$ cat data_2.cif   # mmCIF, C-alpha atoms
data_coords
#
loop_
_atom_site.label_atom_id
_atom_site.label_comp_id
_atom_site.auth_asym_id
_atom_site.auth_seq_id
_atom_site.Cartn_x
_atom_site.Cartn_y
_atom_site.Cartn_z
CA MET T 217 -84.86 -152.39 -21.31
CA PRO T 218 -82.51 -151.26 -18.61
CA GLU T 219 -81.35 -147.69 -18.90
CA ARG T 220 -77.77 -147.17 -19.90
CA ALA T 221 -75.53 -145.31 -17.52
CA PRO T 222 -74.42 -141.99 -18.94
CA VAL T 223 -70.96 -142.01 -20.40
CA ARG T 224 -68.68 -139.58 -18.62
CA THR T 225 -66.01 -137.94 -20.69
CA PRO T 226 -62.75 -137.42 -18.87
CA ARG T 227 -62.12 -133.80 -18.02
CA ALA T 228 -58.96 -132.12 -19.01
CA PRO T 229 -56.61 -131.59 -16.09
CA LYS T 230 -56.61 -128.10 -14.70
CA ARG T 231 -53.63 -126.04 -15.69
CA ALA T 232 -51.58 -124.56 -12.96
CA PRO T 233 -52.08 -120.81 -12.78
CA ARG T 234 -49.34 -118.83 -14.39
CA PRO T 235 -47.31 -116.70 -12.05
CA ARG T 236 -48.21 -113.11 -12.40
CA THR T 237 -45.39 -110.95 -13.60
CA ALA T 238 -45.14 -107.34 -12.78
CA PRO T 239 -45.42 -104.96 -15.71
CA ALA T 240 -42.19 -103.78 -17.24
CA ALA T 241 -42.71 -100.26 -16.02
CA ALA T 242 -42.93 -101.33 -12.39
CA GLU T 243 -40.49 -104.22 -12.19
CA SER T 244 -37.30 -102.15 -12.06
CA PRO T 245 -37.22 -98.38 -11.54
CA LEU T 246 -33.48 -98.37 -12.10
CA ARG T 247 -33.93 -100.15 -15.41
CA GLN T 248 -36.57 -97.65 -16.45
CA LEU T 249 -34.29 -94.77 -15.50
CA TYR T 250 -31.47 -96.33 -17.47
CA VAL T 251 -33.65 -96.71 -20.57
CA ARG T 252 -34.78 -93.09 -20.36
CA ALA T 253 -31.22 -91.87 -19.92
CA ARG T 254 -30.07 -94.00 -22.86
CA ARG T 255 -32.78 -92.59 -25.08
CA ALA T 256 -31.89 -89.04 -24.08
CA TRP T 257 -28.21 -89.79 -24.66
CA ASP T 258 -28.88 -91.11 -28.18
CA ARG T 259 -30.91 -88.10 -29.31
CA PRO T 260 -29.58 -86.23 -32.35
CA LEU T 261 -28.97 -82.97 -30.44
CA THR T 262 -27.12 -84.52 -27.50
CA ALA T 263 -23.66 -83.55 -28.83
CA TYR T 264 -24.88 -80.03 -29.58
CA TYR T 265 -26.21 -79.50 -26.07
CA LEU T 266 -23.15 -81.10 -24.45
CA ILE T 267 -20.69 -78.88 -26.32
CA PHE T 268 -22.68 -75.71 -25.79
CA GLY T 269 -23.58 -76.40 -22.16
CA SER T 270 -20.23 -77.73 -20.94
CA SER T 271 -18.20 -74.96 -22.60
CA LEU T 272 -20.57 -72.31 -21.21
CA LEU T 273 -20.33 -73.70 -17.69
CA ILE T 274 -16.53 -74.05 -17.85
CA THR T 275 -16.16 -70.44 -19.04
CA ALA T 276 -18.59 -69.06 -16.44
CA LEU T 277 -16.97 -70.97 -13.58
CA GLY T 278 -13.56 -69.95 -14.89
CA LEU T 279 -14.52 -66.27 -14.68
CA VAL T 280 -15.57 -66.74 -11.06
CA MET T 281 -12.35 -68.51 -10.17
CA VAL T 282 -10.19 -65.98 -12.05
CA TYR T 283 -11.69 -63.22 -9.93
CA SER T 284 -11.21 -65.19 -6.71
CA ALA T 285 -7.68 -66.38 -7.50
CA SER T 286 -6.32 -63.09 -8.89
CA MET T 287 -7.61 -60.45 -6.49
CA ILE T 288 -4.70 -60.76 -4.03
CA GLN T 289 -2.07 -60.63 -6.77
CA ALA T 290 -3.80 -57.59 -8.30
CA LEU T 291 -3.73 -55.78 -4.95
CA GLN T 292 -0.06 -56.67 -4.51
CA LEU T 293 0.61 -54.96 -7.86
CA ASN T 294 -1.29 -51.86 -6.71
CA LEU T 295 -4.12 -52.62 -9.12
CA PRO T 296 -7.87 -52.88 -8.51
CA ALA T 297 -8.94 -56.27 -7.14
CA SER T 298 -11.06 -56.92 -10.25
CA TYR T 299 -8.29 -55.96 -12.71
CA PHE T 300 -7.59 -59.46 -14.08
CA PHE T 301 -11.26 -60.39 -13.94
CA ARG T 302 -12.27 -57.42 -16.08
CA LYS T 303 -9.67 -58.27 -18.71
CA GLN T 304 -10.83 -61.89 -18.75
CA PHE T 305 -14.47 -60.81 -18.96
CA VAL T 306 -13.72 -58.60 -21.98
CA ALA T 307 -11.89 -61.53 -23.61
CA ALA T 308 -14.87 -63.80 -22.87
CA VAL T 309 -17.27 -61.33 -24.52
CA LEU T 310 -15.04 -61.10 -27.60
CA GLY T 311 -14.68 -64.87 -27.58
CA ALA T 312 -18.46 -65.26 -27.47
CA GLY T 313 -18.63 -63.13 -30.61
CA LEU T 314 -16.04 -65.35 -32.29
CA LEU T 315 -18.00 -68.42 -31.19
CA LEU T 316 -21.17 -67.09 -32.81
CA VAL T 317 -19.28 -66.25 -36.00
CA ALA T 318 -17.75 -69.74 -36.14
CA MET T 319 -21.22 -71.25 -35.63
CA ARG T 320 -22.72 -69.34 -38.57
CA VAL T 321 -19.86 -69.41 -41.08
CA PRO T 322 -20.28 -72.17 -43.70
CA VAL T 323 -17.82 -75.04 -43.73
CA LYS T 324 -16.52 -73.98 -47.16
CA LEU T 325 -15.52 -70.59 -45.80
CA HIS T 326 -13.70 -72.21 -42.87
CA ARG T 327 -11.71 -74.25 -45.35
CA ALA T 328 -10.95 -71.18 -47.45
CA LEU T 329 -9.74 -69.23 -44.41
CA SER T 330 -7.42 -71.99 -43.17
CA TYR T 331 -4.51 -71.06 -45.46
CA PRO T 332 -4.58 -67.29 -44.72
CA MET T 333 -4.90 -68.08 -41.01
CA LEU T 334 -1.82 -70.31 -41.13
CA ALA T 335 0.16 -67.68 -43.03
CA VAL T 336 -0.78 -64.94 -40.55
CA SER T 337 0.10 -67.19 -37.59
CA VAL T 338 3.54 -67.97 -39.03
CA PHE T 339 4.14 -64.27 -39.72
CA LEU T 340 3.25 -63.32 -36.14
CA MET T 341 5.46 -66.09 -34.74
CA VAL T 342 8.37 -64.71 -36.74
CA LEU T 343 7.64 -61.20 -35.42
CA VAL T 344 7.88 -62.54 -31.87
CA GLN T 345 11.57 -63.32 -32.40
CA ILE T 346 12.42 -59.82 -33.61
CA PRO T 347 14.01 -57.70 -30.83
CA GLY T 348 11.84 -54.79 -29.86
CA ILE T 349 8.61 -56.46 -31.03
CA GLY T 350 8.60 -59.74 -29.12
CA ARG T 351 8.30 -59.73 -25.35
CA SER T 352 9.50 -62.29 -22.83
CA VAL T 353 7.16 -63.47 -20.04
CA ASN T 354 8.42 -65.92 -17.40
CA GLY T 355 11.44 -66.74 -19.52
CA ASN T 356 9.45 -67.52 -22.70
CA GLN T 357 9.60 -65.04 -25.56
CA ASN T 358 6.27 -65.78 -27.22
CA TRP T 359 4.38 -62.51 -26.82
CA ILE T 360 3.76 -59.37 -28.89
CA TYR T 361 3.04 -56.14 -27.06
CA LEU T 362 -0.11 -54.43 -28.36
CA GLY T 363 -0.10 -51.34 -26.16
CA GLY T 364 -1.52 -50.65 -22.74
CA PRO T 365 -2.23 -53.79 -20.72
CA PHE T 366 -2.78 -55.94 -23.81
CA GLN T 367 -0.39 -58.40 -25.41
CA LEU T 368 -0.83 -61.29 -27.83
CA GLN T 369 0.57 -64.82 -27.89
CA PRO T 370 0.56 -65.90 -31.57
CA SER T 371 1.31 -69.55 -30.78
CA GLU T 372 -2.20 -69.92 -29.33
CA PHE T 373 -3.67 -68.96 -32.70
CA GLY T 374 -1.19 -71.32 -34.32
CA LYS T 375 -3.04 -74.23 -32.71
CA LEU T 376 -6.29 -73.22 -34.42
CA ALA T 377 -4.52 -72.58 -37.71
CA LEU T 378 -2.87 -76.03 -37.65
CA VAL T 379 -6.20 -77.75 -36.96
CA LEU T 380 -8.05 -76.03 -39.82
CA TRP T 381 -5.20 -76.20 -42.33
CA GLY T 382 -4.36 -79.82 -41.49
CA ALA T 383 -8.03 -80.84 -41.71
CA ASP T 384 -8.43 -79.20 -45.11
CA LEU T 385 -5.18 -80.72 -46.40
CA LEU T 386 -6.08 -84.25 -45.32
CA ALA T 387 -9.66 -83.90 -46.60
CA ARG T 388 -8.44 -82.86 -50.05
CA LYS T 389 -6.00 -85.76 -50.19
CA GLN T 390 -8.68 -88.20 -49.06
CA ASP T 391 -10.98 -87.02 -51.84
CA LYS T 392 -8.18 -87.77 -54.31
CA ARG T 393 -7.44 -91.13 -52.59
CA LEU T 394 -3.85 -90.17 -51.82
CA LEU T 395 -3.79 -91.03 -48.11
CA THR T 396 -2.95 -94.64 -48.90
CA GLN T 397 0.60 -93.46 -49.69
CA TRP T 398 2.69 -92.59 -46.67
CA LYS T 399 4.45 -89.73 -48.49
CA HIS T 400 1.19 -87.89 -49.06
CA MET T 401 0.14 -88.52 -45.47
CA LEU T 402 3.31 -86.95 -44.08
CA VAL T 403 4.07 -84.21 -46.62
CA PRO T 404 3.51 -81.32 -46.14
CA LEU T 405 1.67 -81.85 -42.84
CA VAL T 406 4.65 -82.97 -40.77
CA PRO T 407 7.19 -80.44 -42.18
CA VAL T 408 4.81 -77.51 -41.62
CA THR T 409 4.08 -78.69 -38.09
CA PHE T 410 7.80 -78.99 -37.36
CA MET T 411 8.27 -75.45 -38.69
CA LEU T 412 5.66 -74.19 -36.23
CA LEU T 413 7.30 -76.20 -33.45
CA GLY T 414 10.67 -74.67 -34.29
CA LEU T 415 9.30 -71.12 -34.14
CA ILE T 416 7.66 -71.88 -30.79
CA MET T 417 10.76 -73.52 -29.32
CA LEU T 418 12.85 -70.49 -30.30
CA GLY T 419 10.91 -68.71 -27.60
CA GLY T 420 11.34 -71.58 -25.14
CA ASP T 421 7.64 -72.52 -24.82
CA MET T 422 7.77 -76.30 -24.69
CA GLY T 423 4.25 -76.62 -23.27
CA THR T 424 2.63 -75.17 -26.40
CA ALA T 425 4.96 -77.32 -28.54
CA ILE T 426 3.62 -80.43 -26.79
CA ILE T 427 0.04 -79.39 -27.60
CA LEU T 428 0.89 -78.91 -31.30
CA THR T 429 2.55 -82.33 -31.32
CA ALA T 430 -0.61 -83.85 -29.85
CA ILE T 431 -2.70 -82.16 -32.57
CA LEU T 432 -0.37 -83.61 -35.23
CA PHE T 433 -0.71 -87.13 -33.83
CA GLY T 434 -4.48 -86.71 -33.57
CA LEU T 435 -4.74 -85.74 -37.25
CA LEU T 436 -2.50 -88.63 -38.31
CA TRP T 437 -4.54 -91.09 -36.26
CA LEU T 438 -7.80 -89.84 -37.81
CA ALA T 439 -6.25 -90.15 -41.26
CA GLY T 440 -5.56 -93.82 -40.57
CA ALA T 441 -1.77 -93.68 -40.37
CA PRO T 442 -0.23 -97.17 -40.05
CA THR T 443 1.45 -98.20 -36.85
CA ARG T 444 4.96 -98.08 -38.34
CA LEU T 445 4.44 -94.53 -39.56
CA PHE T 446 3.01 -93.52 -36.22
CA ALA T 447 5.92 -95.09 -34.37
CA GLY T 448 8.45 -93.37 -36.62
CA VAL T 449 7.02 -89.87 -36.12
CA LEU T 450 6.62 -90.53 -32.39
CA SER T 451 10.24 -91.68 -32.12
CA ILE T 452 11.52 -88.53 -33.81
CA ALA T 453 9.37 -86.36 -31.53
CA ALA T 454 10.55 -88.27 -28.46
CA VAL T 455 14.23 -87.90 -29.38
CA LEU T 456 13.81 -84.16 -29.98
CA GLY T 457 11.96 -83.85 -26.68
CA VAL T 458 14.71 -85.62 -24.75
CA ILE T 459 17.35 -83.38 -26.32
CA LEU T 460 15.40 -80.22 -25.48
CA ILE T 461 14.89 -81.35 -21.89
CA LYS T 462 18.48 -82.46 -21.35
CA THR T 463 19.89 -79.18 -22.66
CA SER T 464 17.75 -77.01 -20.35
CA PRO T 465 18.40 -76.96 -16.58
CA ASN T 466 14.99 -75.39 -16.02
CA ARG T 467 13.20 -78.25 -17.79
CA MET T 468 15.30 -80.84 -15.97
CA ALA T 469 14.32 -79.22 -12.66
CA ARG T 470 10.65 -79.35 -13.62
CA LEU T 471 10.97 -83.00 -14.55
CA GLY T 472 12.50 -83.71 -11.15
CA CYS T 473 9.50 -82.18 -9.37
CA ILE T 474 7.09 -84.91 -10.44
CA GLY T 475 5.55 -86.34 -7.27
CA ALA T 476 7.58 -84.01 -5.03
CA THR T 477 6.32 -83.47 -1.47
CA ASP T 478 9.07 -81.07 -0.37
CA PRO T 479 10.15 -77.81 -2.05
CA GLY T 480 13.77 -78.92 -1.96
CA PRO T 481 16.92 -77.17 -0.74
CA SER T 482 16.70 -74.35 -3.33
CA ASP T 483 12.87 -74.30 -3.48
CA GLN T 484 12.94 -75.52 -7.07
CA CYS T 485 9.72 -77.50 -6.49
CA TRP T 486 7.97 -74.70 -4.60
CA GLN T 487 5.14 -74.28 -7.09
CA ALA T 488 4.46 -78.00 -7.52
CA VAL T 489 4.42 -78.66 -3.77
CA HIS T 490 2.18 -75.72 -2.92
CA GLY T 491 -0.21 -76.81 -5.61
CA ILE T 492 -0.56 -80.11 -3.76
CA TYR T 493 -0.96 -78.22 -0.48
CA ALA T 494 -3.85 -76.23 -1.97
CA LEU T 495 -5.63 -79.36 -3.17
CA ALA T 496 -5.05 -81.21 0.10
CA SER T 497 -6.40 -78.41 2.28
CA GLY T 498 -9.64 -78.14 0.31
CA GLY T 499 -11.23 -81.34 1.57
CA PHE T 500 -14.47 -82.48 -0.04
CA PHE T 501 -16.38 -79.19 -0.23
CA GLY T 502 -13.49 -76.72 0.07
CA SER T 503 -12.80 -73.82 2.36
CA GLY T 504 -15.29 -71.58 0.58
CA LEU T 505 -15.18 -69.27 -2.42
CA GLY T 506 -12.56 -66.58 -1.86
CA ALA T 507 -11.13 -68.23 1.27
CA SER T 508 -7.97 -69.66 -0.29
CA VAL T 509 -4.75 -69.33 1.71
CA GLU T 510 -2.28 -70.34 -1.00
CA LYS T 511 -3.19 -67.41 -3.24
CA TRP T 512 -1.78 -65.01 -0.62
CA GLY T 513 1.67 -65.15 -2.18
CA GLN T 514 2.43 -68.83 -1.50
CA LEU T 515 1.39 -70.34 -4.86
CA PRO T 516 2.83 -68.72 -8.02
CA GLU T 517 0.50 -68.23 -11.00
CA PRO T 518 -2.69 -68.89 -9.02
CA HIS T 519 -5.02 -67.52 -11.71
CA THR T 520 -3.26 -68.97 -14.78
CA ASP T 521 -1.43 -72.31 -14.79
CA PHE T 522 -2.45 -73.33 -11.24
CA ILE T 523 -6.03 -72.09 -11.11
CA PHE T 524 -7.14 -75.73 -10.76
CA ALA T 525 -5.29 -75.90 -7.43
CA ILE T 526 -7.13 -72.82 -6.13
CA THR T 527 -10.39 -74.38 -7.33
CA GLY T 528 -9.62 -77.48 -5.29
CA GLU T 529 -8.79 -75.41 -2.23
CA GLU T 530 -11.93 -73.25 -2.36
CA LEU T 531 -14.47 -75.64 -3.90
CA GLY T 532 -12.95 -78.91 -2.74
CA LEU T 533 -13.05 -82.29 -4.40
CA ALA T 534 -16.64 -81.69 -5.49
CA GLY T 535 -15.58 -78.60 -7.45
CA THR T 536 -12.58 -80.20 -9.14
CA LEU T 537 -14.55 -83.32 -10.09
CA SER T 538 -17.25 -81.08 -11.57
CA VAL T 539 -14.68 -79.32 -13.73
CA LEU T 540 -13.23 -82.65 -14.87
CA ALA T 541 -16.73 -83.97 -15.64
CA LEU T 542 -17.43 -80.92 -17.82
CA PHE T 543 -14.20 -81.47 -19.77
CA ALA T 544 -15.05 -85.17 -20.12
CA ALA T 545 -18.49 -84.29 -21.52
CA LEU T 546 -16.91 -81.82 -23.94
CA GLY T 547 -14.37 -84.39 -25.09
CA TYR T 548 -17.02 -87.09 -25.56
CA ALA T 549 -19.21 -84.74 -27.58
CA GLY T 550 -16.29 -83.81 -29.83
CA ILE T 551 -15.46 -87.47 -30.46
CA ARG T 552 -19.12 -88.16 -31.19
CA VAL T 553 -19.27 -85.36 -33.76
CA ALA T 554 -16.08 -86.59 -35.43
CA GLY T 555 -17.34 -90.18 -35.50
CA ARG T 556 -20.81 -89.55 -36.92
CA THR T 557 -20.05 -87.15 -39.76
CA GLU T 558 -19.53 -88.17 -43.37
CA ASP T 559 -17.59 -85.02 -44.29
CA PRO T 560 -13.83 -85.71 -44.03
CA PHE T 561 -12.99 -82.07 -43.25
CA VAL T 562 -15.50 -82.00 -40.39
CA ARG T 563 -14.11 -85.28 -39.04
CA TYR T 564 -10.50 -84.07 -39.07
CA ALA T 565 -11.32 -80.60 -37.73
CA ALA T 566 -13.57 -81.89 -34.94
CA GLY T 567 -11.00 -84.52 -33.99
CA GLY T 568 -8.19 -81.97 -34.03
CA VAL T 569 -10.07 -79.51 -31.81
CA THR T 570 -11.04 -82.28 -29.39
CA THR T 571 -7.43 -83.51 -29.22
CA TRP T 572 -6.21 -79.97 -28.61
CA ILE T 573 -8.59 -79.17 -25.74
CA THR T 574 -8.42 -82.55 -24.00
CA ALA T 575 -4.62 -82.85 -24.28
CA GLN T 576 -4.14 -79.35 -22.89
CA ALA T 577 -6.56 -80.04 -20.02
CA VAL T 578 -4.79 -83.31 -19.18
CA ILE T 579 -1.35 -81.66 -19.19
CA ASN T 580 -2.50 -78.78 -16.99
CA VAL T 581 -4.36 -80.94 -14.47
CA GLY T 582 -1.58 -83.53 -14.45
CA ALA T 583 0.98 -80.85 -13.58
CA VAL T 584 -1.19 -79.52 -10.74
CA LEU T 585 -1.64 -83.05 -9.37
CA GLY T 586 2.11 -83.69 -9.52
CA LEU T 587 1.76 -86.45 -12.10
CA LEU T 588 3.35 -84.53 -14.98
CA PRO T 589 6.05 -81.85 -15.20
CA ILE T 590 4.87 -78.25 -15.10
CA ALA T 591 4.52 -77.31 -18.77
CA GLY T 592 3.14 -73.79 -18.37
CA VAL T 593 -0.07 -74.34 -20.36
CA PRO T 594 -3.38 -72.87 -19.16
CA LEU T 595 -6.53 -74.85 -18.48
CA PRO T 596 -8.70 -74.30 -21.60
CA LEU T 597 -11.64 -71.89 -21.16
CA PHE T 598 -10.86 -71.73 -17.45
CA SER T 599 -7.50 -70.08 -16.80
CA TYR T 600 -6.77 -66.38 -17.16
CA GLY T 601 -5.47 -65.32 -20.56
CA GLY T 602 -7.23 -63.70 -23.50
CA SER T 603 -4.78 -65.05 -26.09
CA ALA T 604 -5.70 -68.58 -25.07
CA LEU T 605 -9.42 -67.93 -24.60
CA LEU T 606 -10.18 -66.33 -27.98
CA PRO T 607 -8.99 -69.15 -30.31
CA THR T 608 -10.37 -71.78 -27.95
CA MET T 609 -13.85 -70.24 -28.05
CA PHE T 610 -13.64 -70.02 -31.83
CA ALA T 611 -12.77 -73.73 -31.86
CA ILE T 612 -15.79 -74.44 -29.63
CA GLY T 613 -17.93 -72.56 -32.16
CA LEU T 614 -16.56 -74.90 -34.83
CA LEU T 615 -17.62 -77.95 -32.82
CA ILE T 616 -21.10 -76.49 -32.29
CA ALA T 617 -21.43 -75.77 -36.01
CA PHE T 618 -20.33 -79.30 -36.88
CA ALA T 619 -22.78 -80.77 -34.35
CA ARG T 620 -25.61 -78.74 -35.92
CA GLU T 621 -24.68 -79.99 -39.41
CA GLU T 622 -25.37 -83.64 -38.63
CA PRO T 623 -28.36 -84.77 -40.76
CA ALA T 624 -30.41 -85.93 -37.77
CA ALA T 625 -29.51 -82.82 -35.76
CA LYS T 626 -30.33 -80.54 -38.68
CA ALA T 627 -33.76 -82.17 -39.04
CA ALA T 628 -34.42 -81.88 -35.32
CA LEU T 629 -33.47 -78.19 -35.33
CA ALA T 630 -35.65 -77.55 -38.39
CA MET T 631 -38.65 -78.96 -36.57
CA ARG T 632 -38.14 -76.37 -33.84
CA GLN T 633 -38.22 -73.37 -36.15
CA PRO T 634 -41.22 -71.04 -35.70
CA ARG T 635 -41.88 -71.24 -39.43
CA VAL T 636 -42.77 -74.91 -39.17
CA ARG T 637 -45.31 -74.32 -36.40
CA TRP T 638 -46.87 -71.42 -38.35
CA ASN T 639 -47.25 -73.52 -41.49
CA THR T 640 -48.84 -76.29 -39.43
CA MET T 641 -51.38 -73.86 -37.98
CA ARG T 642 -52.22 -72.53 -41.45
CA ARG T 643 -52.85 -76.04 -42.73
CA ARG T 644 -55.18 -76.69 -39.82
CA VAL T 645 -57.12 -73.52 -40.57
CA LYS T 646 -57.58 -74.46 -44.19
CA ALA T 647 -58.86 -77.89 -43.20
CA ARG T 648 -61.87 -76.41 -41.40
CA SER T 649 -65.26 -76.27 -43.09
CA SER T 650 -66.32 -72.98 -44.61
CA GLY T 651 -69.00 -72.51 -41.98
CA GLU T 652 -66.58 -72.47 -39.03
CA ARG T 653 -65.16 -69.27 -37.73
#
$ encode --input "data_2.cif" --output "structure tokens"
Amino acid sequence: MPERAPVRTPRAPKRAPRPRTAPAAAESPLRQLYVRARRAWDRPLTAYYLIFGSSLLITALGLVMVYSASMIQALQLNLPASYFFRKQFVAAVLGAGLLLVAMRVPVKLHRALSYPMLAVSVFLMVLVQIPGIGRSVNGNQNWIYLGGPFQLQPSEFGKLALVLWGADLLARKQDKRLLTQWKHMLVPLVPVTFMLLGLIMLGGDMGTAIILTAILFGLLWLAGAPTRLFAGVLSIAAVLGVILIKTSPNRMARLGCIGATDPGPSDQCWQAVHGIYALASGGFFGSGLGASVEKWGQLPEPHTDFIFAITGEELGLAGTLSVLALFAALGYAGIRVAGRTEDPFVRYAAGGVTTWITAQAVINVGAVLGLLPIAGVPLPLFSYGGSALLPTMFAIGLLIAFAREEPAAKAALAMRQPRVRWNTMRRRVKARSSGER
């Protein structure tokens, strides 16, 4: 029989080789960097580190700039060159103590102290208006003389008192579900705030009054005030503001200096224009620390309201952008703390402090840049002034305490305690066999 030819089975067609893809770690270094930064940004202690680090850097840089900006004025007053710096340094040390106290005090005690703090602030504001006790500085009678070179501005502590008292008031009403009624949302928060504003405006300090108004709006916004209610309160505040500006030639002159490039025939815009000169002459990296020209009698208030202009002249655009970045980080961290907490008091207090510091920084920097009228408010944590520095550092301590009280942050901090590592080592020792040494 003839042999059969072997049957050939058809072979499967060869598959085209798959294109090799680079591993995820090597395909995009920028993507990898972004992922790492995002993970670091989302860590539980990010807000804690941002608040602590940014406030520390702002205060430290502010001390350096206070010394640089104030030495010429101190010498002109026949004082030591470090006179203003030493006073600011003492205030910073006391403020650091207040910051540590605010960090360690329980939230319940902060709420309990809010009412006495408000009462003391109102009492001191009334004392300011009594002849012989109150003192006028630059046309504003908002100071109390304490003896020697020290004086106190009670309105600065009124900001802190309003934040704590308003936060406690709104938190109590939220617990009782009363904030759905517009009467409970406004009363007594708005009348008490207007009382504080009236006491401040008796002394002529409209800049501080604007900050308190911003704190009021921040608290109402956090409480969920409807648009109509918001618009009504804003309209009343705007009408009062227009009346106060129209009835004061000094405030009208300041309003006319917005965007000015010439001091004017009577030099009414001298300060605003020379602030722009200081910023313009700084360039990108500045003329060098201590090498400012405007602080030699050309720019008024170089170490208080216009210290940002001297910073731009000596440290340049890089220095001013660094300061703004630190304030932006502080503001973001405060918003993050207010948004992640479940405690209504913490949310209102953190939001109020953040509104206070960011609004004051915006008003100060806007006046130096010629975008806003000169309101006479210092740059928080940065400008010279112990009365402004002490309550602000206490408020920073509040933010740090609130950031530490987040559940995830509290767990992360607990893992870093030495006690946890010691207990872990003891468990490992017990797990060894009895024959090991």
$ resolve_selection --input "data_2.cif" --expression "the PyMOL selection byres ((chain T and resi 387) around 9)" --output "list in words"
Gly382, Ala383, Asp384, Leu385, Leu386, Arg388, Lys389, Gln390, Asp391, Lys392, Ala439, Asp559, Pro560, Phe561, Val562, Arg563 and Tyr564 of chain T
$ closest_residue --input "data_2.cif" --among "T:Ala318, T:Met422, T:Ile551, T:Ala577" --to "Val539 (chain T)" --atoms "all atoms listed in the file"
T:Ala577
$ residues_around --input "data_2.cif" --residues "region 402-411 of chain T" --least-positions-apart "5" --cutoff "12 Å" --atoms "all atoms listed in the file" --output "NGL selection string"
:T and (331 or 334-335 or 337-339 or 341-342 or 374-375 or 377-386 or 389 or 394-397 or 416-418 or 425-433 or 435-437 or 439-442 or 445-446 or 448-450 or 452-453 or 456)
$ atom_distance --input "data_2.cif" --atom1 "CA of Leu368 (chain T)" --atom2 "CA of Ser352 (chain T)"
11.5 Å
$ resolve_selection --input "data_2.cif" --expression "the PyMOL selection byres ((chain T and resi 304) around 10)" --output "PyMOL selection string"
chain T and resi 278-279+282-283+298-303+305-310+598-602+605
$ atom_distance --input "data_2.cif" --atom1 "CA of Pro347 (chain T)" --atom2 "CA of Val593 (chain T)"
24.2 Å
$ closest_residue --input "data_2.cif" --among "T:Gly504, T:Gly457, T:Gly434, T:Gly491" --to "Ile590 (chain T)" --atoms "only C-alpha atoms"
T:Gly491
$ closest_residue --input "data_2.cif" --among "T:Ala583, T:His519, T:Gly506, T:Ile360" --to "Gly423 (chain T)" --atoms "all atoms listed in the file"
T:Ala583
$ resolve_selection --input "data_2.cif" --expression "the PyMOL selection byres ((chain T and resi 547) around 12)" --output "ChimeraX atom specification"
/T:263,266-267,270-271,540-546,548-554,566-578,612,615
$ write_last_selection --input "data_2.cif" --atoms "C-alpha atoms" --output "tab-separated table (two decimals), keeping the file's coordinate frame"
chain	number	residue	atom	x	y	z
T	263	ALA	CA	-23.66	-83.55	-28.83
T	266	LEU	CA	-23.15	-81.10	-24.45
T	267	ILE	CA	-20.69	-78.88	-26.32
T	270	SER	CA	-20.23	-77.73	-20.94
T	271	SER	CA	-18.20	-74.96	-22.60
T	540	LEU	CA	-13.23	-82.65	-14.87
T	541	ALA	CA	-16.73	-83.97	-15.64
T	542	LEU	CA	-17.43	-80.92	-17.82
T	543	PHE	CA	-14.20	-81.47	-19.77
T	544	ALA	CA	-15.05	-85.17	-20.12
T	545	ALA	CA	-18.49	-84.29	-21.52
T	546	LEU	CA	-16.91	-81.82	-23.94
T	548	TYR	CA	-17.02	-87.09	-25.56
T	549	ALA	CA	-19.21	-84.74	-27.58
T	550	GLY	CA	-16.29	-83.81	-29.83
T	551	ILE	CA	-15.46	-87.47	-30.46
T	552	ARG	CA	-19.12	-88.16	-31.19
T	553	VAL	CA	-19.27	-85.36	-33.76
T	554	ALA	CA	-16.08	-86.59	-35.43
T	566	ALA	CA	-13.57	-81.89	-34.94
T	567	GLY	CA	-11.00	-84.52	-33.99
T	568	GLY	CA	-8.19	-81.97	-34.03
T	569	VAL	CA	-10.07	-79.51	-31.81
T	570	THR	CA	-11.04	-82.28	-29.39
T	571	THR	CA	-7.43	-83.51	-29.22
T	572	TRP	CA	-6.21	-79.97	-28.61
T	573	ILE	CA	-8.59	-79.17	-25.74
T	574	THR	CA	-8.42	-82.55	-24.00
T	575	ALA	CA	-4.62	-82.85	-24.28
T	576	GLN	CA	-4.14	-79.35	-22.89
T	577	ALA	CA	-6.56	-80.04	-20.02
T	578	VAL	CA	-4.79	-83.31	-19.18
T	612	ILE	CA	-15.79	-74.44	-29.63
T	615	LEU	CA	-17.62	-77.95	-32.82
$ atom_distance --input "data_2.cif" --atom1 "CA of Pro594 (chain T)" --atom2 "CA of Asn580 (chain T)"
6.4 Å
